[in-house]
Amino acid sequence: ADYLFQSDGEDLNPGHRSIQCGRRNDALKLWAAWQHLGDHGWAERLDRQMALAQLAADLIDADPALELAERPVSINVNFEVRGCASEQVCERLDRSSRLKIGYGRVGERSTIRLVCVNPALEPRDLEWILPEIKAAARS
């Protein structure tokens with residue numbers, strides 16, 4: 001998928017040399033987290049991350065400058081800044097070192113891809129991220 005290889009040249013990009021596109025032993029990390037959290041804790045974490053994705057979608061829906069590509073069914077929230085190319089917005093954010101966020105495709109649309117995977121993510125972080133994205137689009 002094009003969203004996997006958005007930076008670095010071929011010589012620096014480990015994604016082209018591994019089955020999981022640059023990831024190491026993910027199964028060990030999953031097993032360790034599950035051992036630490038247990039079934040109940042893991043379910044709570046997943047529910048929390050899904051709730052954050054839904055909150056992000058609600059904030060995007062409420063903002064006339066943003067357009068949600070579709071309601072999230074996972075922790076991925078895909079949206080656009082109206083009138084701006086998603087790739088350019090993500091590149092501006094990366095160059096400014098303010099925010100690292102990728103882009104992806106939903107159908108024929110190129111979208112900004114906000115993934116609510118970090119367990120330290122808080123609702124106030126989303127309230128900071130979206131204005132940063134809009135500011136990058138305006139620049």
# chains A, B, ... in the order shown; residues from 1 in each chain; ligands from 1

call {"tool": "select_by_dssp", "arguments": {"residues": "chain A", "states": "strand (DSSP E)", "output": "list in words"}}
result
Leu66, Glu67, Leu68, Asn76, Val77, Asn78, Phe79, Glu80, Val81, Gly102, Tyr103, Gly104, Arg105, Val106, Arg109, Ser110, Thr111, Ile112, Arg113, Leu114 and Val115 of chain A

call {"tool": "residues_around", "arguments": {"residues": "Glu87 (chain A)", "least_positions_apart": "3", "cutoff": "7 Å", "atoms": "only C-alpha atoms", "output": "PyMOL selection string"}}
result
chain A and resi 90-91+103

call {"tool": "write_last_selection", "arguments": {"atoms": "N, CA, C and O atoms", "output": "CSV table (one decimal), in the first residue's frame"}}
result
chain,number,residue,atom,x,y,z
A,90,CYS,N,0.4,16.4,4.8
A,90,CYS,CA,1.2,15.5,5.6
A,90,CYS,C,2.7,15.9,5.4
A,90,CYS,O,3.5,15.8,6.4
A,91,GLU,N,3.1,16.2,4.2
A,91,GLU,CA,4.5,16.6,4.0
A,91,GLU,C,4.9,17.9,4.7
A,91,GLU,O,6.0,18.0,5.3
A,103,TYR,N,-0.9,9.5,5.1
A,103,TYR,CA,-2.0,9.6,4.2
A,103,TYR,C,-2.3,8.3,3.6
A,103,TYR,O,-1.5,7.4,3.6

call {"tool": "closest_residue", "arguments": {"among": "A:Ala27, A:Ile133, A:Ile75, A:Ala43", "to": "Asn118 (chain A)", "atoms": "only C-alpha atoms"}}
result
A:Ile75

call {"tool": "residues_around", "arguments": {"residues": "Glu132 (chain A)", "least_positions_apart": "2", "cutoff": "12 Å", "atoms": "only C-alpha atoms", "output": "ChimeraX atom specification"}}
result
/A:81,89-90,92-94,96-101,125-130,134-139

call {"tool": "closest_residue", "arguments": {"among": "A:His36, A:Arg105, A:Glu80, A:Arg45", "to": "Asp61 (chain A)", "atoms": "only C-alpha atoms"}}
result
A:Glu80

call {"tool": "select_by_dssp", "arguments": {"residues": "chain A", "states": "helix (DSSP H, G or I)", "output": "PyMOL selection string"}}
result
chain A and resi 2-4+14-17+26-61+86-96+123-138

call {"tool": "closest_residue", "arguments": {"among": "A:Ile112, A:Ala51, A:Leu37, A:Val117", "to": "Leu66 (chain A)", "atoms": "only C-alpha atoms"}}
result
A:Ile112

call {"tool": "closest_residue", "arguments": {"among": "A:Glu44, A:Met50, A:Leu114, A:Pro131", "to": "Val77 (chain A)", "atoms": "only C-alpha atoms"}}
result
A:Leu114

call {"tool": "atom_distance", "arguments": {"atom1": "CA of Glu108 (chain A)", "atom2": "CA of Pro72 (chain A)"}}
result
16.9 Å

call {"tool": "atom_distance", "arguments": {"atom1": "CA of Cys116 (chain A)", "atom2": "CA of Leu46 (chain A)"}}
result
10.2 Å
